Amino acid sequence: MAGSSSKIVVYGAIGANVAIAISKFVAAYFTGSAAMLSEGIHSLVDSGNGGLILFGLNRSAQPADARHPFGHSKDLYFWTVIVAVMIFAVGGGMSLYKGYQYLQAPAPLTDPTWNYWVLGLAMVFEGTACALAYREFRKTQGEAGFWQALRDSRDPAVFAILLEDLAALVGLVIALAGVFCGHYFNNLYFDGAASMAIGALLVGMAVFMLREARGLLVGEGASPEVLRGLEALARQDAAVVKLRAPLTMYLGPTDAILALDIAFNDHLTAVEIEQAVERLQTAIKGKYPEFQRIFIEASSLNGQQRQKASPLASA
C-alpha cells in the first residue's frame with residue numbers, strides 16, 4: 001500500500017512537470033525570457049527525476065536473491081542520490097549559467113502576457129502535485145514539525161518529490177517577480193537575476209537532498225522514540241533480565257533490520273528461551289512492522305551464551 005501511494009505521488013509529479021515544461025519552453029521561445037527558460041529546464045529536470053525515482057521504486061521491490069540476501073530496498077536510496085546530483089548539476093547549474101549569460105547580454109523586453117499565463121497555469125499544476133505529495137507526507141509526519149519530519153523521512157519517493165514541488169512553487173514566484181519587476185521598472189537585468197536566484201534555490205535543495213540521501217544509503221537507524229519503544233517492549237517480557245541498546249538499520253522506507261542482545265533468566269531452559277524469543281518477535285512486529293528481519297542474541301545473566309541468534313522473522 002505504501003509503495004502504491006508513493007507511485008501515485010511520482011506519477012502525478014511527472015505528469016504535471018511534463019505539461020509545465022512544454023508550456024514554459026513555448027513561452028521562453030516567444031518572449032526570450034531567461035527566467036522562463038530556467039523554469040522550463042527546472043520542470044524538465046523534475047520530470048526526469050520523477051522517472052528515476054519511479055525506476056528506483058521498481059528496482060527496490062525486487063525480491064531477495066543469493067547475491068542480495070536482504071533484498072534490493074536500498075536501490076531507491078541510490079537513485080535518490082542520482083536525482084539530487086541531477087538537480088544540482090543540470091537544474092541548478094544550467095539555471096545559474098543561463099542567468100549569468102543573460103546578464104552579460106540581456107534580451108529586449110517583450111510582451112509578458114505569455115509568461116503570466118504560463119506561470120499562472122504552472123502554479124495550479126505544481127500546487128496540485130505538491131498537495132498530493134504533502135498528503136502522503138502527512139501520513140508519516142506524526143507529531144514532528146515539518147522540517148524535522150522531512151529529515152526523519154525514509155521514503156525518498158515522497159520527500160524528494162515534495163521538496164521538488166516546493167522548490168518549483170518558490171521558483172515560479174521568483175520567475176514571476178523577475179518578469180513583473182523587469183517590465184515595471186523597465187530593467188532588463190531583473191530577468192537574469194531571477195534565473196540565477198532559481199539556480200541558487202535548486203542548488204540549495206540538491207545539497208539538502210544529497211545530505212539526506214547519503215545518510216539513508218550509508219544506513220540510518222531508528223529514531224530515539226522507536227528505540228525507547230523497542231527497549232520497553234523487550235523489558236515487559238518476564239523472561240528478560242537485561243538487554244543492550246537495540247541496533248537498527250533501515251534498508252528501505254518500510255524495511256528495517258533489528259538486532260537485540262538479551263540476557264534471560266538463568267533458570268530458563270533452551271525451549272523456554274526460544275519461546276521468549278518468539279514472543280518478542282511477535283510483539284515487536286505487531287507494533288513496528290517495518291522490522292522485517294529481527295535477530296536476537298540470547299545469553300544467561302552470568303554471560304553464558306545459550307543461543308547465538310534467533311531465526312529471521314517472516315517478512
# chains A, B, ... in the order shown; residues from 1 in each chain; ligands from 1
$ residues_around --residues "Gly171 (chain A)" --least-positions-apart "5" --cutoff "12 Å" --atoms "only C-alpha atoms" --output "VMD selection string"
chain A and resid 35 to 43 91 to 92 95 119 122 to 123 126 163 to 166 176 to 178 194 to 202 205
$ select_by_dssp --residues "region 22-262 of chain A" --states "strand (DSSP E or B)" --output "list of chain:residue names"
A:Val240, A:Val241, A:Lys242, A:Leu243, A:Leu247, A:Thr248, A:Met249, A:Tyr250, A:Leu251, A:Gly252, A:Asp255, A:Ala256, A:Ile257, A:Leu258, A:Ala259, A:Leu260, A:Asp261, A:Ile262
$ write_last_selection --atoms "all heavy atoms" --output "short mmCIF file (atom, residue, chain, number, x, y, z; two decimals), in the first residue's frame"
data_model
loop_
_atom_site.label_atom_id
_atom_site.label_comp_id
_atom_site.auth_asym_id
_atom_site.auth_seq_id
_atom_site.Cartn_x
_atom_site.Cartn_y
_atom_site.Cartn_z
N VAL A 240 13.02 -11.61 30.33
CA VAL A 240 14.16 -10.73 30.06
C VAL A 240 14.66 -10.12 31.36
O VAL A 240 13.89 -9.54 32.13
CB VAL A 240 13.77 -9.62 29.06
CG1 VAL A 240 14.93 -8.65 28.87
CG2 VAL A 240 13.36 -10.24 27.73
N VAL A 241 15.97 -10.26 31.60
CA VAL A 241 16.59 -9.67 32.78
C VAL A 241 17.39 -8.41 32.42
O VAL A 241 17.35 -7.41 33.12
CB VAL A 241 17.52 -10.69 33.47
CG1 VAL A 241 18.22 -10.04 34.67
CG2 VAL A 241 16.75 -11.92 33.89
N LYS A 242 18.07 -8.46 31.27
CA LYS A 242 18.94 -7.36 30.88
C LYS A 242 19.07 -7.35 29.37
O LYS A 242 19.04 -8.41 28.73
CB LYS A 242 20.32 -7.54 31.53
CG LYS A 242 21.30 -6.40 31.29
CD LYS A 242 22.64 -6.69 32.00
CE LYS A 242 23.64 -5.59 31.77
NZ LYS A 242 24.95 -5.89 32.42
N LEU A 243 19.19 -6.18 28.77
CA LEU A 243 19.44 -6.09 27.34
C LEU A 243 20.28 -4.88 27.02
O LEU A 243 20.25 -3.87 27.76
CB LEU A 243 18.13 -6.03 26.55
CG LEU A 243 17.36 -4.70 26.50
CD1 LEU A 243 16.53 -4.63 25.24
CD2 LEU A 243 16.47 -4.55 27.72
N LEU A 247 20.16 -2.41 18.08
CA LEU A 247 20.87 -1.96 16.87
C LEU A 247 19.90 -2.07 15.70
O LEU A 247 19.32 -3.14 15.46
CB LEU A 247 22.11 -2.82 16.62
CG LEU A 247 23.16 -2.84 17.73
CD1 LEU A 247 24.31 -3.77 17.36
CD2 LEU A 247 23.68 -1.44 18.02
N THR A 248 19.73 -0.97 14.98
CA THR A 248 18.77 -0.95 13.88
C THR A 248 19.38 -0.33 12.64
O THR A 248 20.32 0.47 12.73
CB THR A 248 17.51 -0.15 14.26
OG1 THR A 248 17.90 1.22 14.54
CG2 THR A 248 16.83 -0.73 15.50
N MET A 249 18.84 -0.67 11.48
CA MET A 249 19.24 -0.03 10.23
C MET A 249 18.11 -0.19 9.22
O MET A 249 17.56 -1.27 9.04
CB MET A 249 20.52 -0.65 9.66
CG MET A 249 20.99 0.08 8.39
SD MET A 249 22.61 -0.50 7.79
CE MET A 249 22.19 -2.14 7.23
N TYR A 250 17.79 0.93 8.56
CA TYR A 250 16.76 0.92 7.52
C TYR A 250 17.39 0.56 6.18
O TYR A 250 18.36 1.17 5.75
CB TYR A 250 16.08 2.28 7.42
CG TYR A 250 14.97 2.46 8.44
CD1 TYR A 250 15.25 2.89 9.72
CD2 TYR A 250 13.65 2.17 8.11
CE1 TYR A 250 14.24 3.04 10.66
CE2 TYR A 250 12.63 2.31 9.04
CZ TYR A 250 12.94 2.74 10.31
OH TYR A 250 11.93 2.88 11.24
N LEU A 251 16.79 -0.44 5.53
CA LEU A 251 17.18 -0.81 4.17
C LEU A 251 16.29 -0.11 3.15
O LEU A 251 16.67 0.06 1.99
CB LEU A 251 17.08 -2.32 3.98
CG LEU A 251 17.91 -3.18 4.94
CD1 LEU A 251 17.66 -4.65 4.68
CD2 LEU A 251 19.39 -2.86 4.81
N GLY A 252 15.10 0.25 3.58
CA GLY A 252 14.13 0.91 2.72
C GLY A 252 13.10 1.60 3.59
O GLY A 252 13.13 1.50 4.82
N ASP A 255 11.38 -1.23 5.41
CA ASP A 255 12.19 -2.44 5.53
C ASP A 255 13.41 -2.13 6.41
O ASP A 255 14.29 -1.38 6.01
CB ASP A 255 12.64 -2.91 4.14
CG ASP A 255 13.45 -4.20 4.19
OD1 ASP A 255 13.51 -4.82 5.27
OD2 ASP A 255 14.01 -4.59 3.15
N ALA A 256 13.40 -2.69 7.63
CA ALA A 256 14.49 -2.40 8.57
C ALA A 256 14.95 -3.68 9.26
O ALA A 256 14.22 -4.66 9.35
CB ALA A 256 14.04 -1.37 9.62
N ILE A 257 16.20 -3.65 9.74
CA ILE A 257 16.81 -4.77 10.48
C ILE A 257 16.92 -4.38 11.94
O ILE A 257 17.24 -3.24 12.27
CB ILE A 257 18.21 -5.09 9.92
CG1 ILE A 257 18.11 -5.61 8.48
CG2 ILE A 257 18.91 -6.12 10.79
CD1 ILE A 257 19.46 -5.85 7.84
N LEU A 258 16.66 -5.34 12.82
CA LEU A 258 16.79 -5.12 14.26
C LEU A 258 17.64 -6.24 14.86
O LEU A 258 17.40 -7.42 14.60
CB LEU A 258 15.41 -5.11 14.92
CG LEU A 258 15.39 -5.17 16.46
CD1 LEU A 258 16.06 -3.94 17.06
CD2 LEU A 258 13.95 -5.31 16.96
N ALA A 259 18.64 -5.86 15.65
CA ALA A 259 19.47 -6.82 16.39
C ALA A 259 19.37 -6.51 17.87
O ALA A 259 19.57 -5.37 18.28
CB ALA A 259 20.91 -6.76 15.92
N LEU A 260 19.07 -7.55 18.68
CA LEU A 260 18.95 -7.40 20.13
C LEU A 260 19.89 -8.36 20.83
O LEU A 260 20.01 -9.52 20.43
CB LEU A 260 17.51 -7.68 20.59
CG LEU A 260 16.43 -6.68 20.19
CD1 LEU A 260 15.06 -7.22 20.56
CD2 LEU A 260 16.67 -5.33 20.85
N ASP A 261 20.57 -7.86 21.86
CA ASP A 261 21.43 -8.68 22.71
C ASP A 261 20.76 -8.74 24.09
O ASP A 261 20.75 -7.75 24.83
CB ASP A 261 22.82 -8.06 22.79
CG ASP A 261 23.81 -8.97 23.51
OD1 ASP A 261 23.37 -10.01 24.06
OD2 ASP A 261 25.00 -8.63 23.55
N ILE A 262 20.20 -9.90 24.44
CA ILE A 262 19.36 -10.01 25.63
C ILE A 262 19.90 -11.08 26.57
O ILE A 262 20.30 -12.17 26.14
CB ILE A 262 17.90 -10.37 25.24
CG1 ILE A 262 17.31 -9.25 24.37
CG2 ILE A 262 17.04 -10.60 26.48
CD1 ILE A 262 15.91 -9.54 23.88
#
$ atom_distance --atom1 "CA of Leu162 (chain A)" --atom2 "CA of Lys74 (chain A)"
19.9 Å
$ residues_around --residues "Ile273 (chain A)" --least-positions-apart "4" --cutoff "8 Å" --atoms "only C-alpha atoms" --output "compact mmCIF listing (two decimals) with all heavy atoms, in the first residue's frame"
# COMPACT_ATOMS: atom_id res chain seq x y z
N ALA A 239 10.73 -12.92 31.01
CA ALA A 239 11.93 -13.74 30.83
C ALA A 239 13.19 -12.89 30.67
O ALA A 239 14.30 -13.37 30.85
CB ALA A 239 11.77 -14.65 29.62
N PHE A 264 18.64 -13.53 29.47
CA PHE A 264 17.41 -14.10 30.03
C PHE A 264 17.68 -14.66 31.42
O PHE A 264 18.82 -14.83 31.85
CB PHE A 264 16.89 -15.21 29.11
CG PHE A 264 16.35 -14.70 27.80
CD1 PHE A 264 17.15 -14.69 26.66
CD2 PHE A 264 15.06 -14.22 27.69
CE1 PHE A 264 16.67 -14.22 25.44
CE2 PHE A 264 14.56 -13.76 26.48
CZ PHE A 264 15.36 -13.76 25.36
N LEU A 268 15.76 -20.48 32.95
CA LEU A 268 15.02 -20.86 31.75
C LEU A 268 15.76 -21.94 30.96
O LEU A 268 16.98 -21.93 30.85
CB LEU A 268 14.81 -19.64 30.85
CG LEU A 268 13.95 -18.50 31.41
CD1 LEU A 268 13.87 -17.37 30.40
CD2 LEU A 268 12.54 -18.99 31.75
N THR A 269 14.98 -22.86 30.39
CA THR A 269 15.55 -23.89 29.52
C THR A 269 15.71 -23.32 28.11
O THR A 269 15.20 -22.23 27.80
CB THR A 269 14.63 -25.12 29.46
OG1 THR A 269 13.39 -24.74 28.85
CG2 THR A 269 14.38 -25.66 30.87
N VAL A 277 11.90 -15.70 22.73
CA VAL A 277 12.35 -15.04 21.51
C VAL A 277 11.18 -14.87 20.54
O VAL A 277 10.99 -13.80 19.95
CB VAL A 277 13.49 -15.84 20.86
CG1 VAL A 277 13.73 -15.35 19.43
CG2 VAL A 277 14.77 -15.72 21.67
N ALA A 298 20.80 -14.39 22.45
CA ALA A 298 20.34 -14.68 23.81
C ALA A 298 21.47 -15.25 24.65
O ALA A 298 22.24 -16.10 24.19
CB ALA A 298 19.18 -15.67 23.77
$ atom_distance --atom1 "CA of Ala28 (chain A)" --atom2 "CA of Leu188 (chain A)"
15.0 Å
$ closest_residue --among "A:Lys7, A:Arg154, A:Lys24, A:Lys139" --to "Phe55 (chain A)" --atoms "only C-alpha atoms"
A:Lys7
$ closest_residue --among "A:Ala133, A:Ala61, A:Ala13, A:Val203" --to "Met94 (chain A)" --atoms "only C-alpha atoms"
A:Val203
